[in-house]
Every structure is written in structure tokens, then in C-alpha cells.
>>> print(open('work_7.cif').read())   # mmCIF, C-alpha atoms
data_query
#
loop_
_atom_site.label_atom_id
_atom_site.label_comp_id
_atom_site.auth_asym_id
_atom_site.auth_seq_id
_atom_site.Cartn_x
_atom_site.Cartn_y
_atom_site.Cartn_z
CA MET A 1 31.57 104.88 -116.36
CA GLY A 2 34.23 107.09 -117.90
CA ARG A 3 34.37 109.42 -114.93
CA ALA A 4 32.97 107.20 -112.21
CA PRO A 5 34.95 107.34 -108.97
CA ALA A 6 34.50 103.56 -108.76
CA PHE A 7 36.83 103.26 -111.75
CA TRP A 8 39.12 106.18 -110.95
CA THR A 9 40.49 104.72 -107.78
CA GLU A 10 43.87 105.86 -106.56
CA GLU A 11 45.32 102.59 -107.84
CA ASN A 12 43.80 102.83 -111.33
CA THR A 13 44.76 106.49 -111.63
CA GLU A 14 48.36 105.66 -110.81
CA LEU A 15 48.34 102.74 -113.24
CA MET A 16 46.98 105.05 -115.90
CA ARG A 17 49.57 107.74 -115.35
CA LYS A 18 52.51 105.37 -115.40
CA ASN A 19 51.56 102.84 -118.02
CA PHE A 20 49.07 104.29 -120.51
CA VAL A 21 48.72 107.18 -122.90
CA ALA A 22 45.18 108.46 -122.35
CA VAL A 23 43.17 110.03 -125.13
CA SER A 24 39.72 111.55 -125.12
CA LEU A 25 37.72 111.14 -128.32
CA HIS A 26 34.51 112.42 -129.78
CA VAL A 27 32.08 110.30 -131.80
CA MET A 28 32.85 112.36 -134.89
CA ASP A 29 36.45 111.14 -134.83
CA TYR A 30 35.27 107.78 -136.14
CA ASP A 31 34.07 109.33 -139.39
CA ARG A 32 37.08 111.51 -140.00
CA ALA A 33 38.53 111.29 -143.48
CA ASP A 34 42.10 111.23 -142.25
CA ALA A 35 44.55 108.98 -140.39
CA VAL A 36 42.59 109.24 -137.13
CA GLY A 37 39.32 107.98 -138.64
CA GLN A 38 41.16 105.33 -140.64
CA PHE A 39 42.90 103.99 -137.54
CA LEU A 40 39.62 103.76 -135.62
CA ARG A 41 37.81 102.03 -138.46
CA ASP A 42 40.68 99.63 -139.20
CA SER A 43 40.94 98.75 -135.52
CA LYS A 44 37.16 98.37 -135.16
CA ILE A 45 37.14 100.90 -132.34
CA LYS A 46 33.53 101.76 -132.89
CA LEU A 47 32.66 104.91 -131.02
CA ARG A 48 29.20 104.65 -129.58
CA ARG A 49 26.71 107.38 -130.27
CA LEU A 50 24.94 107.69 -126.96
CA GLU A 51 26.97 106.15 -124.19
CA GLY A 52 30.64 106.56 -123.57
CA ALA A 53 32.97 103.62 -124.02
CA LEU A 54 36.51 102.75 -122.96
CA TRP A 55 39.21 100.86 -124.80
CA CYS A 56 42.75 99.74 -124.20
CA VAL A 57 44.49 99.47 -127.57
CA THR A 58 48.03 98.93 -128.77
CA PRO A 59 49.58 101.75 -130.84
CA GLY A 60 49.19 99.39 -133.80
CA GLY A 61 45.44 99.05 -133.22
CA LYS A 62 44.94 95.73 -131.42
CA ILE A 63 42.11 95.97 -128.87
CA LEU A 64 43.15 94.55 -125.49
CA GLU A 65 40.11 95.54 -123.46
CA SER A 66 36.88 97.41 -124.08
CA THR A 67 33.54 98.13 -122.50
CA LEU A 68 31.99 97.76 -125.95
CA VAL A 69 31.88 94.12 -126.98
CA ILE A 70 30.95 93.13 -130.52
CA THR A 71 30.09 89.47 -131.01
CA ASP A 72 28.77 88.22 -134.35
CA GLY A 73 27.97 91.80 -135.27
CA LYS A 74 25.93 92.38 -132.12
CA GLU A 75 27.02 95.07 -129.70
CA SER A 76 26.80 94.73 -125.98
CA PHE A 77 28.06 96.91 -123.17
CA LYS A 78 30.31 95.59 -120.44
CA PRO A 79 29.83 97.54 -117.23
CA LYS A 80 33.36 97.01 -115.93
CA PHE A 81 36.71 97.87 -117.43
CA ASP A 82 39.64 95.78 -116.22
CA LEU A 83 42.57 98.18 -116.40
CA LYS A 84 44.96 95.82 -114.62
CA GLY A 85 43.93 92.99 -116.92
CA ALA A 86 44.47 95.22 -119.95
CA LEU A 87 47.97 96.02 -118.77
CA ALA A 88 48.67 92.32 -118.21
CA LYS A 89 47.55 91.60 -121.78
CA TRP A 90 49.82 94.34 -123.03
CA LEU A 91 52.82 92.96 -121.15
CA ALA A 92 52.10 89.49 -122.51
CA LEU A 93 52.40 90.69 -126.11
CA PRO A 94 55.56 89.85 -128.06
CA GLU A 95 58.31 92.47 -127.99
CA ALA A 96 57.73 93.10 -131.68
CA GLU A 97 54.36 94.63 -130.84
CA ARG A 98 55.15 96.64 -127.78
CA ALA A 99 58.84 97.58 -127.78
CA LEU A 100 59.77 101.24 -127.98
CA GLY A 101 59.45 102.27 -131.61
CA ALA A 102 58.14 98.85 -132.69
CA VAL A 103 55.17 100.55 -134.31
CA LYS A 104 55.93 103.43 -136.63
CA VAL A 105 53.39 106.23 -136.54
CA GLY A 106 54.25 108.82 -139.16
CA ALA A 107 53.20 112.43 -139.44
CA MET A 108 49.62 113.32 -140.33
CA ASP A 109 49.51 114.38 -143.95
CA LYS A 110 46.10 116.02 -143.69
CA VAL A 111 43.47 116.71 -141.04
CA ASP A 112 39.73 116.45 -141.56
CA VAL A 113 39.03 119.82 -139.99
CA GLN A 114 35.28 119.52 -140.49
CA ARG A 115 35.08 116.55 -138.12
CA ALA A 116 38.11 117.07 -135.90
CA VAL A 117 37.44 118.54 -132.48
CA LEU A 118 37.44 122.30 -132.72
CA ALA A 119 40.70 123.93 -131.66
CA PRO A 120 40.81 127.40 -130.08
CA PRO A 121 41.73 130.03 -132.68
CA PRO A 122 45.14 131.70 -132.17
CA GLY A 123 45.05 134.33 -129.44
CA THR A 124 42.06 132.75 -127.67
CA LEU A 125 41.86 133.33 -123.93
CA ILE A 126 40.70 130.11 -122.29
CA LEU A 127 38.82 130.00 -119.02
CA LYS A 128 38.37 126.78 -117.07
CA LEU A 129 34.91 126.45 -115.58
CA HIS A 130 33.62 124.20 -112.84
CA TYR A 131 29.95 123.75 -112.04
CA ARG A 132 28.68 122.30 -108.82
CA ALA A 133 25.23 121.67 -107.46
CA LEU A 134 25.18 122.32 -103.73
CA MET A 135 22.63 122.08 -100.95
CA ARG A 136 21.49 124.54 -98.34
CA ASP A 137 21.26 122.93 -94.97
CA ASP A 138 20.46 124.81 -91.81
CA GLY A 139 21.69 127.98 -93.40
CA ASN A 140 24.96 126.54 -94.64
CA VAL A 141 25.91 125.72 -98.19
CA ARG A 142 27.11 122.14 -98.22
CA TYR A 143 28.04 119.42 -100.67
CA LEU A 144 25.41 117.33 -102.35
CA THR A 145 25.00 113.66 -101.61
CA GLU A 146 22.99 111.02 -103.43
CA LYS A 147 20.48 111.13 -100.60
CA ASP A 148 19.55 114.65 -101.67
CA LEU A 149 18.44 113.47 -105.10
CA TRP A 150 15.54 111.68 -106.66
CA TYR A 151 12.33 113.26 -105.54
CA ASP A 152 9.21 113.15 -107.66
CA GLU A 153 7.01 116.14 -108.32
CA LYS A 154 5.04 115.43 -105.16
CA GLY A 155 8.17 115.63 -103.11
CA GLU A 156 8.23 111.89 -102.46
CA LYS A 157 11.57 110.10 -102.46
CA THR A 158 12.07 107.83 -105.42
CA GLU A 159 14.71 105.36 -106.53
CA ALA A 160 17.42 106.46 -108.94
CA LYS A 161 16.98 105.10 -112.41
CA SER A 162 19.41 102.24 -112.83
CA VAL A 163 20.77 103.58 -116.10
CA HIS A 164 21.94 106.68 -114.34
CA LYS A 165 22.86 105.11 -111.06
CA ARG A 166 26.29 103.97 -112.13
CA ILE A 167 27.43 107.49 -112.94
CA THR A 168 25.54 109.20 -110.17
CA THR A 169 28.05 111.25 -108.31
CA PRO A 170 27.87 114.85 -107.17
CA GLN A 171 31.18 115.70 -108.81
CA SER A 172 32.20 119.15 -109.85
CA HIS A 173 31.71 119.40 -113.58
CA PRO A 174 34.23 121.02 -115.98
CA ASP A 175 33.81 123.13 -119.06
CA HIS A 176 35.70 125.89 -120.84
CA MET A 177 34.85 129.36 -122.04
CA TRP A 178 36.71 130.87 -124.93
CA LEU A 179 37.24 134.59 -125.55
CA SER A 180 38.61 135.56 -128.92
CA GLU A 181 41.60 137.90 -128.94
CA ALA A 182 39.38 140.80 -130.02
CA GLU A 183 36.91 139.99 -127.25
CA TRP A 184 39.32 139.86 -124.33
CA LYS A 185 41.08 142.98 -125.55
CA SER A 186 37.73 144.77 -125.58
CA LEU A 187 37.41 144.21 -121.83
CA MET A 188 40.22 146.62 -121.06
CA PRO A 189 39.52 150.36 -121.47
CA ALA A 190 42.15 152.38 -123.32
CA ASN A 191 42.82 154.69 -120.36
CA PRO A 192 41.56 153.00 -117.23
CA SER A 193 40.98 155.18 -114.16
CA VAL A 194 39.98 154.00 -110.73
CA GLY A 195 36.22 154.25 -110.36
CA ASP A 196 35.42 153.86 -114.05
CA THR A 197 32.53 151.48 -114.62
CA PHE A 198 31.27 150.02 -117.86
CA ALA A 199 29.05 147.24 -119.06
CA MET A 200 30.67 144.01 -120.18
CA PRO A 201 30.72 144.01 -124.00
CA ALA A 202 27.44 142.59 -125.23
CA GLY A 203 28.80 139.64 -127.20
CA ILE A 204 30.83 138.31 -124.27
CA ALA A 205 28.02 138.92 -121.78
CA ASP A 206 25.51 137.18 -124.00
CA ARG A 207 27.68 134.09 -124.39
CA LEU A 208 28.64 134.02 -120.74
CA VAL A 209 25.00 134.11 -119.66
CA ARG A 210 23.32 131.95 -122.27
CA GLN A 211 26.10 129.41 -122.71
CA HIS A 212 28.03 129.27 -119.50
CA LEU A 213 25.46 130.05 -116.85
CA ASN A 214 23.14 127.57 -118.46
CA PRO A 215 22.52 124.90 -115.83
CA ARG A 216 20.93 122.70 -118.44
CA SER A 217 24.02 122.56 -120.63
CA VAL A 218 25.46 119.90 -118.42
CA TYR A 219 22.22 117.97 -118.68
CA ASP A 220 21.73 118.27 -122.40
CA GLY A 221 25.45 117.93 -123.00
CA HIS A 222 26.00 119.56 -126.34
CA SER A 223 23.29 122.15 -125.92
CA ASP A 224 23.57 125.22 -128.10
CA GLY A 225 22.92 127.33 -125.05
CA LEU A 226 19.79 128.97 -123.81
CA ASP A 227 17.51 130.71 -126.24
CA ARG A 228 17.09 134.42 -125.64
CA ALA A 229 13.60 133.95 -124.22
CA SER A 230 15.07 131.98 -121.32
CA VAL A 231 16.95 135.03 -120.08
CA ARG A 232 14.49 137.02 -117.98
CA ALA A 233 17.15 139.47 -116.81
CA ALA A 234 20.92 139.81 -116.90
CA GLY A 235 23.50 142.48 -116.22
CA LEU A 236 27.28 142.39 -116.03
CA THR A 237 29.31 145.44 -115.03
CA LEU A 238 33.05 145.97 -114.77
CA ALA A 239 34.66 148.54 -112.49
CA VAL A 240 38.27 149.65 -112.41
CA GLU A 241 39.48 149.06 -108.85
CA ALA A 242 43.20 149.76 -109.11
CA VAL A 243 45.67 151.04 -111.68
CA SER A 244 49.45 150.88 -111.51
CA ALA A 245 52.26 150.62 -114.02
CA GLY A 246 52.26 146.87 -113.84
CA ARG A 247 48.63 146.02 -113.14
CA VAL A 248 45.06 147.07 -113.77
CA ARG A 249 42.51 145.42 -111.52
CA LEU A 250 38.89 145.11 -112.55
CA ARG A 251 35.95 143.95 -110.51
CA LEU A 252 32.97 142.30 -112.14
CA ASP A 253 29.50 142.36 -110.61
CA GLY A 254 26.52 140.77 -112.23
CA HIS A 255 23.30 138.90 -112.00
CA ALA A 256 21.05 136.77 -114.17
CA LYS A 257 17.55 135.36 -113.99
CA LEU A 258 17.26 132.35 -116.23
CA GLY A 259 14.46 129.96 -117.04
CA LYS A 260 11.24 130.18 -115.06
CA GLU A 261 10.46 131.70 -111.72
CA PRO A 262 10.14 128.94 -109.15
CA PRO A 263 6.57 127.80 -108.42
CA PRO A 264 5.40 128.48 -104.84
CA ASP A 265 5.66 124.83 -103.78
CA VAL A 266 9.25 124.75 -104.99
CA VAL A 267 10.06 127.98 -103.17
CA ALA A 268 8.50 126.43 -100.10
CA GLY A 269 10.83 123.46 -100.42
CA LYS A 270 7.92 121.04 -100.64
CA ILE A 271 8.58 119.57 -104.05
CA ALA A 272 11.18 119.06 -106.73
CA SER A 273 10.23 120.46 -110.10
CA MET A 274 10.68 117.93 -112.87
CA SER A 275 9.06 119.92 -115.67
CA GLN A 276 10.46 123.41 -115.15
CA TRP A 277 13.80 124.89 -114.25
CA GLY A 278 15.26 128.19 -113.22
CA TYR A 279 18.56 129.67 -112.06
CA GLU A 280 19.20 133.08 -110.52
CA PRO A 281 22.90 133.57 -109.90
CA LYS A 282 24.84 136.57 -108.72
CA LEU A 283 28.28 137.01 -110.19
CA LEU A 284 31.45 138.40 -108.74
CA GLY A 285 34.84 138.47 -110.41
CA PHE A 286 38.34 139.85 -110.11
CA LEU A 287 40.38 140.38 -113.24
CA GLU A 288 43.94 141.60 -113.49
CA TYR A 289 45.65 142.90 -116.58
CA ASP A 290 49.33 143.50 -117.21
CA PRO A 291 49.50 146.66 -119.36
CA LYS A 292 53.15 146.08 -120.26
CA LYS A 293 52.67 142.53 -121.51
CA GLN A 294 49.10 143.31 -122.59
CA VAL A 295 47.72 140.09 -121.16
CA PHE A 296 45.25 139.12 -118.46
CA THR A 297 47.05 137.51 -115.56
CA ARG A 298 43.96 136.79 -113.47
CA PHE A 299 40.39 136.05 -114.50
CA ASP A 300 38.61 134.69 -111.45
CA MET A 301 34.84 134.73 -111.39
CA VAL A 302 32.20 132.98 -109.31
CA ALA A 303 28.49 132.67 -110.05
CA LEU A 304 26.30 131.50 -107.22
CA GLY A 305 22.55 131.42 -106.84
CA ASP A 306 19.42 129.40 -106.40
CA GLN A 307 18.45 126.82 -108.98
CA PHE A 308 15.53 124.45 -109.30
CA GLY A 309 14.59 121.70 -111.72
CA ARG A 310 16.56 118.93 -113.37
CA VAL A 311 20.19 119.45 -114.31
CA GLY A 312 22.98 117.16 -115.42
CA LEU A 313 25.00 117.99 -112.35
CA THR A 314 22.47 115.93 -110.47
CA ILE A 315 22.32 113.28 -113.19
CA GLY A 316 18.94 114.44 -114.34
CA ALA A 317 17.44 114.36 -110.87
CA ALA A 318 15.97 117.41 -109.22
CA ARG A 319 16.73 118.57 -105.73
CA ARG A 320 13.78 119.53 -103.60
CA GLY A 321 13.13 123.27 -103.43
CA CYS A 322 15.51 125.98 -104.61
CA GLN A 323 19.11 125.02 -103.96
CA PRO A 324 22.48 126.64 -104.61
CA LEU A 325 24.37 126.06 -107.82
CA GLY A 326 27.80 127.56 -108.35
CA VAL A 327 30.13 128.11 -111.28
CA THR A 328 33.79 129.12 -111.10
CA PHE A 329 35.82 130.64 -113.91
CA GLU A 330 39.59 130.90 -113.92
CA LEU A 331 42.33 131.60 -116.41
CA VAL A 332 44.01 128.63 -118.06
CA THR A 333 47.77 128.89 -118.26
CA GLY A 334 50.15 126.39 -119.79
CA ASP A 335 49.52 124.14 -122.74
CA ARG A 336 47.85 121.00 -121.42
CA PRO A 337 45.77 119.47 -124.23
CA ALA A 338 42.95 118.83 -121.75
CA ASP A 339 42.60 122.58 -121.26
CA ARG A 340 41.92 122.96 -124.95
CA VAL A 341 38.72 120.90 -124.87
CA PRO A 342 36.18 123.07 -126.64
CA PRO A 343 33.25 124.60 -124.79
CA GLY A 344 30.38 122.12 -124.48
CA SER A 345 28.47 122.92 -127.58
CA ALA A 346 31.39 123.91 -129.76
CA SER A 347 32.74 120.44 -130.35
CA THR A 348 30.01 119.76 -132.87
CA SER A 349 28.53 123.20 -133.45
CA ARG A 350 30.84 125.70 -135.10
CA GLN A 351 28.77 128.66 -134.01
CA TYR A 352 30.32 129.24 -130.62
CA PHE A 353 31.57 132.76 -131.32
CA ASP A 354 28.56 133.67 -133.40
CA PRO A 355 25.39 132.05 -132.05
CA LYS A 356 22.46 132.24 -134.45
CA ARG A 357 19.75 131.80 -131.88
CA MET B 1 26.78 129.97 -87.65
CA MET B 2 25.29 132.10 -84.88
CA MET B 3 23.65 134.27 -87.53
CA ASN B 4 22.24 131.12 -89.14
CA LYS B 5 20.77 129.91 -85.87
CA ARG B 6 19.20 133.31 -85.33
CA LYS B 7 17.63 133.14 -88.76
CA THR B 8 16.31 129.66 -88.14
CA MET B 9 14.85 130.78 -84.84
CA SER B 10 13.26 133.79 -86.53
CA ALA B 11 11.73 131.46 -89.07
CA VAL B 12 10.31 129.23 -86.36
CA LEU B 13 8.85 132.21 -84.50
CA LEU B 14 7.39 133.51 -87.71
CA LEU B 15 5.81 130.13 -88.37
CA LEU B 16 4.16 130.12 -84.96
CA GLY B 17 2.67 133.54 -85.47
CA SER B 18 1.85 133.45 -89.14
CA THR B 19 -1.15 132.36 -91.12
CA GLY B 20 0.82 130.09 -93.42
CA GLY B 21 4.19 128.46 -93.89
CA LEU B 22 5.13 129.96 -97.23
CA ALA B 23 6.78 133.09 -95.91
CA VAL B 24 8.80 131.06 -93.46
CA HIS B 25 10.05 128.65 -96.08
CA THR B 26 10.78 131.47 -98.47
CA GLN B 27 12.90 133.15 -95.89
CA ALA B 28 14.64 129.92 -94.99
CA SER B 29 15.52 129.27 -98.61
CA GLU B 30 17.20 132.61 -99.17
CA PRO B 31 20.98 132.49 -99.29
CA THR B 32 22.28 133.09 -95.82
CA GLU B 33 25.69 134.13 -96.99
CA ALA B 34 25.92 136.27 -100.07
CA LEU B 35 28.66 136.10 -102.62
CA THR B 36 30.96 138.92 -101.56
CA ALA B 37 34.64 139.74 -101.74
CA THR B 38 34.92 138.13 -98.31
CA THR B 39 33.17 134.87 -99.19
CA PHE B 40 34.51 134.72 -102.76
CA ALA B 41 37.54 132.51 -102.10
CA ARG B 42 35.56 130.10 -99.93
CA TYR B 43 32.87 129.55 -102.54
CA GLN B 44 35.49 129.29 -105.25
CA LYS B 45 37.21 126.52 -103.30
CA GLN B 46 33.95 124.77 -102.49
CA ILE B 47 32.76 124.67 -106.11
CA LYS B 48 36.04 123.51 -107.66
CA PRO B 49 37.06 119.83 -107.52
CA GLN B 50 38.25 118.62 -104.16
CA PRO B 51 41.44 116.57 -103.83
CA GLY B 52 40.76 113.00 -104.93
CA GLU B 53 37.23 113.79 -106.03
CA SER B 54 37.71 113.57 -109.79
CA ARG B 55 40.94 111.70 -110.35
CA TRP B 56 40.25 111.42 -114.05
CA MET B 57 41.13 115.11 -114.23
CA GLU B 58 44.62 114.31 -112.94
CA VAL B 59 45.54 112.38 -116.07
CA ALA B 60 47.41 114.09 -118.93
CA TRP B 61 44.75 113.52 -121.57
CA PHE B 62 45.41 113.87 -125.27
CA LEU B 63 42.68 115.13 -127.57
CA ASP B 64 44.53 114.14 -130.71
CA LEU B 65 44.56 110.38 -131.29
CA HIS B 66 47.38 110.56 -133.79
CA ALA B 67 49.64 112.46 -131.40
CA ALA B 68 48.68 109.99 -128.66
CA ARG B 69 49.61 107.05 -130.90
CA GLN B 70 52.97 108.66 -131.65
CA LYS B 71 53.68 109.08 -127.96
CA ALA B 72 52.49 105.58 -127.10
CA ALA B 73 54.63 104.02 -129.83
CA SER B 74 57.72 105.99 -128.86
CA GLU B 75 57.34 105.17 -125.16
CA GLY B 76 56.22 101.56 -125.56
CA LYS B 77 52.84 102.05 -123.89
CA PRO B 78 49.28 101.07 -124.76
CA LEU B 79 46.55 103.63 -125.42
CA PHE B 80 43.59 104.19 -123.16
CA ILE B 81 40.71 105.58 -125.21
CA TYR B 82 37.64 107.23 -123.72
CA SER B 83 34.87 108.31 -126.04
CA SER B 84 31.52 109.84 -125.32
CA GLY B 85 28.41 110.95 -127.16
CA GLY B 86 27.82 114.56 -127.97
CA ALA B 87 30.94 116.33 -126.81
CA ALA B 88 34.57 115.65 -126.01
CA SER B 89 34.54 112.94 -123.37
CA ILE B 90 36.56 114.90 -120.83
CA GLY B 91 34.70 118.15 -121.42
CA SER B 92 31.18 119.18 -120.73
CA CYS B 93 28.92 116.18 -121.10
#
>>> encode(input="work_7.cif", output="C-alpha cells")
Amino acid sequence: MGRAPAFWTEENTELMRKNFVAVSLHVMDYDRADAVGQFLRDSKIKLRRLEGALWCVTPGGKILESTLVITDGKESFKPKFDLKGALAKWLALPEAERALGAVKVGAMDKVDVQRAVLAPPPGTLILKLHYRALMRDDGNVRYLTEKDLWYDEKGEKTEAKSVHKRITTPQSHPDHMWLSEAEWKSLMPANPSVGDTFAMPAGIADRLVRQHLNPRSVYDGHSDGLDRASVRAAGLTLAVEAVSAGRVRLRLDGHAKLGKEPPPDVVAGKIASMSQWGYEPKLLGFLEYDPKKQVFTRFDMVALGDQFGRVGLTIGAARRGCQPLGVTFELVTGDRPADRVPPGSASTSRQYFDPKR
Amino acid sequence: MMMNKRKTMSAVLLLLGSTGGLAVHTQASEPTEALTATTFARYQKQIKPQPGESRWMEVAWFLDLHAARQKAASEGKPLFIYSSGGAASIGSC
């Protein structure tokens, strides 16, 4: 429900922007041994473990609306969130509860860093990623629709499972990739010359392939990334395309073969594979570096290739045959908190820069 | 598009003259337009969110509840809280 277009209408989005302060939380926030955890516990804002939930709450902690209803200790889930109604309840509160500065929120005296959402270390280069499952249709790559989903292993059309139906939408899916300062600096040769080629440093390439080209990560959510055995082949090469006083331009070319090879009936487009998956993208990227400022000013990459099997982008459904799946990468600039959301697995796992598997 | 039609026609002709459909379908499922410097921008645009597609991304989300409470209190606004299971609710899920 949290991202469903049915909720994020133009009207609700505008209401949200004008009248609310929106905050994204993680289940671990509830257990934090600091002011954040205390506020959630005192306010009985019980973060659910499996399904997302929405609340409208006063800054003092009074719940005005929620999709999680607790009655006599029993929890139930309300499928609709009445944003307008929540605002009406807020406006009906006495001035003492809602006036500017009526509630005093002091400074945090300590942060439970073990449970707080991981923040990018200083100097981190952040890339915004978008994943999208697409369809090939008469030779063209087109957008996915719900009609393209829900085939069984015999290729027969089935009904979407009701639990997934409400969030079924072929939206583009976001994530972030982090490069430590030492990592992104290692991408730039000391004396770049046009025509130079070199392999992407192994640590970055490994994380890019196993973590960020992992089509299952958006199905499993907080996956730790693919194990090494799931990478049948991968190669990422950088080439210096242009050098001037103010800019060095690099081109990235790459490929990966992940998961299993598609079974013949999947290749033939006859069935959807529910038990296996595979993804074989090509990569192309254009990076630009400012040698004077010693920063990357452009970091555009696209991965595109055939994928089969179940992925979260299709809400756990499989498309029939091998179909395109694309990923874009681009440099984050500015300081929007939303751009500092940790990479999928890193919010709970602290091994993002140093995977053990 | 013309190239695509030619490929489709080739596939049909191959089907008529072949002993099985596998080769035809294999050919038909190959990417018709590769990822190149020419197609790069188009695919980039196609994969990224389209206007109005994911309006939740247009909201200035906080990740820090305490900072959000401070802002809400100082501006006289209520909080909208979105939580999810394994990861940050507005990140990869």
C-alpha cells in the first residue's frame, strides 16, 4: 500500500507535500535505545515486521490514522488510509496540540547507531538506481502491464494472488549504490590517456554485479546479494575516451551472466519459469571526472538484458519467456535525505562494503 | 520498426521451412536493439520513473524520525510515517 498508485493520487501527493512531514522508517527503529525508539514505543506506533504500515501522528505522538489497528491487543490491517480524514482530525485538535512550537522536540542526546539506518560514510559517492522489468513485443521493448504477469509453469494464465494484487504495479524500482571515497578514486587512472583501457577494480565490480545487478534483490528485499556461484560470467572494462584540462571522460562496457541458463521452453517463450531464474545484461556507461575539483560529475550507466524467472519487479510473478530487464545508475547530487537511503541489504546488514559471501 | 518487421518476417519464413519452432522463437527473443551509445539515452529514459508514475518519490522524505518531529513541531504539521519490513520503506524492498 505504501507505494500503490491508488494511494499516491495527484490529490494525495499534493496534500502530503503541503500539510505533512513524511518520514520513512525501518522496523529496527522501534527497538532503538534512543529518543526515536522511545517515541515509537510511547506512542504505540508498532512497526510491523512483514508488511508495511502507514500512520498519521502528531509531533507529540497522538495517532490520528493508521493502517495498523490494535483492538484489545489484537492487530488487524486496514487496507485503506484516509489521508484527508487524518488531516481533518489534525485540524480539529486544540491549538495547544498543533500550533507552531506547541510541542517541544529537543536535540537528540545519543543515537543508537547499531539499530539506526546506516548512513553513508563521509566521502561516499552515491548512485541512484532504477530497475524496470520490460517486455519485448514485436521486436520493441515496451512497458510491462499486469496482463503480462501471472503465468504458471505450463504457460497457462493464472490469477494474481490477492495478497500481492494490491501492490501489483509495474513501477520502476529504486535503490542506491555506494562507492567509498577510496573506491571511486580508484576508478580514475593517475595519468589518463585517450585509448587506455583497464578493468573495473575488482571490489567495485563484484559489488556492482552481485548486489546491484541482482534481479532477485527486489524480490527478496534485504537480500545480501548473489552468492559467487550465481555469477556464471562477468566483465567490466573502462576506457578513456577524452581528456582535457577540465574533464576526463570514461566509457564503461560490460556484461554479466547471472543465475541459470534459461531452459529451452523458456527460451522458446512457451512457459514462465517459477523455480529458476537468470539474467544476462550488457552494460554501458559514461563517466566524467573533473581533474581540478577531483570529483565525478557524471556517472551514467545502463544495464539491459534478458531475464527469466520470478522477480520482485513483477511482484513475484514471472513473465513468459526471456524478457528485458533494465537498470539505470546515475550520480546523486544535492542532500535530499531520500537519496541517502542505504543500498537494499545494507540497512540491516553492515557488510555492504565488505561482503563475506 | 522496418528492421523489426523484417526480422519477424524472417522468423515466419524460417518457421515454415524448419523442422521445429525452437530456432524461430530463439531468434525472435533476441534483443532487436542493442544497448549502444545511440540507444543509451532512450533506454535510460524508458527504465527511469515516468512523470506521475511513482508520485511517492516526489515527496521530501525524512529518514530520521527525530529530525522529522522537529520539523513537524516547528511548522505545525502532523507526521506521516511509512514503515516496511526488511529495508527502509522508500528504498529497495
>>> axis_aligned_box(input="work_7.cif", around="range 48-53 of chain B", padding_each_side="6 Å", output="lines of an AutoDock Vina configuration file")
center_x = 38.7
center_y = 118.3
center_z = -105.7
size_x = 17.4
size_y = 22.5
size_z = 15.8
>>> atom_distance(input="work_7.cif", atom1="CA of Ala338 in chain A", atom2="CA of Val117 in chain A")
12.1 Å
>>> resolve_selection(input="work_7.cif", expression="the PyMOL selection byres ((chain A and resi 188-205) around 6)", output="PyMOL selection string")
chain A and resi 185-187+206-208+236-242
>>> resolve_selection(input="work_7.cif", expression="the PyMOL selection byres ((chain A and resi 106) around 10)", output="PyMOL selection string")
(chain A and resi 35+103-105+107-109) or (chain B and resi 66-67+69-70)
>>> atom_distance(input="work_7.cif", atom1="CA of Gln307 in chain A", atom2="CA of His255 in chain A")
13.4 Å
>>> resolve_selection(input="work_7.cif", expression="the PyMOL selection byres ((chain B and resi 58) around 12)", output="list in words")
Arg3, Trp8, Thr9, Glu10, Asn12, Thr13, Glu14, Met16, Arg17, Ala22, Arg336, Ala338 and Asp339 of chain A; Pro49, Gln50, Pro51, Gly52, Glu53, Ser54, Arg55, Trp56, Met57, Val59, Ala60, Trp61 and Ile90 of chain B
>>> atom_distance(input="work_7.cif", atom1="CA of Ala86 in chain A", atom2="CA of Ser89 in chain B")
20.6 Å
>>> decode(input="work_7.cif", residues="range 59-75 of chain B", atoms="N, CA and C atoms", output="tab-separated table (two decimals), in the first residue's frame")
chain	number	residue	atom	x	y	z
B	59	VAL	N	7.89	13.18	-2.90
B	59	VAL	CA	7.76	13.74	-1.54
B	59	VAL	C	9.14	13.86	-0.91
B	60	ALA	N	9.34	14.91	-0.12
B	60	ALA	CA	10.64	15.13	0.55
B	60	ALA	C	10.70	14.29	1.83
B	61	TRP	N	10.99	13.03	1.67
B	61	TRP	CA	11.01	12.10	2.80
B	61	TRP	C	12.16	12.38	3.76
B	62	PHE	N	11.87	12.22	5.03
B	62	PHE	CA	12.91	12.18	6.05
B	62	PHE	C	13.22	10.71	6.34
B	63	LEU	N	14.45	10.44	6.74
B	63	LEU	CA	14.80	9.10	7.22
B	63	LEU	C	14.98	9.11	8.72
B	64	ASP	N	15.08	10.29	9.28
B	64	ASP	CA	15.35	10.46	10.70
B	64	ASP	C	14.07	10.96	11.38
B	65	LEU	N	13.46	10.11	12.17
B	65	LEU	CA	12.18	10.45	12.81
B	65	LEU	C	12.33	11.65	13.74
B	66	HIS	N	13.44	11.73	14.42
B	66	HIS	CA	13.60	12.85	15.36
B	66	HIS	C	13.66	14.18	14.60
B	67	ALA	N	14.42	14.20	13.53
B	67	ALA	CA	14.51	15.42	12.71
B	67	ALA	C	13.14	15.75	12.11
B	68	ALA	N	12.40	14.72	11.73
B	68	ALA	CA	11.05	14.94	11.17
B	68	ALA	C	10.12	15.51	12.23
B	69	ARG	N	10.22	15.01	13.46
B	69	ARG	CA	9.39	15.55	14.55
B	69	ARG	C	9.73	17.02	14.81
B	70	GLN	N	11.02	17.33	14.77
B	70	GLN	CA	11.42	18.73	15.00
B	70	GLN	C	10.83	19.63	13.93
B	71	LYS	N	10.87	19.17	12.70
B	71	LYS	CA	10.33	19.99	11.61
B	71	LYS	C	8.81	20.11	11.74
B	72	ALA	N	8.16	18.98	12.02
B	72	ALA	CA	6.70	18.99	12.14
B	72	ALA	C	6.25	19.91	13.27
B	73	ALA	N	6.96	19.87	14.40
B	73	ALA	CA	6.59	20.71	15.54
B	73	ALA	C	6.80	22.18	15.21
B	74	SER	N	7.91	22.48	14.54
B	74	SER	CA	8.21	23.89	14.26
B	74	SER	C	7.31	24.46	13.18
B	75	GLU	N	6.77	23.60	12.31
B	75	GLU	CA	5.91	24.09	11.23
B	75	GLU	C	4.42	23.85	11.50
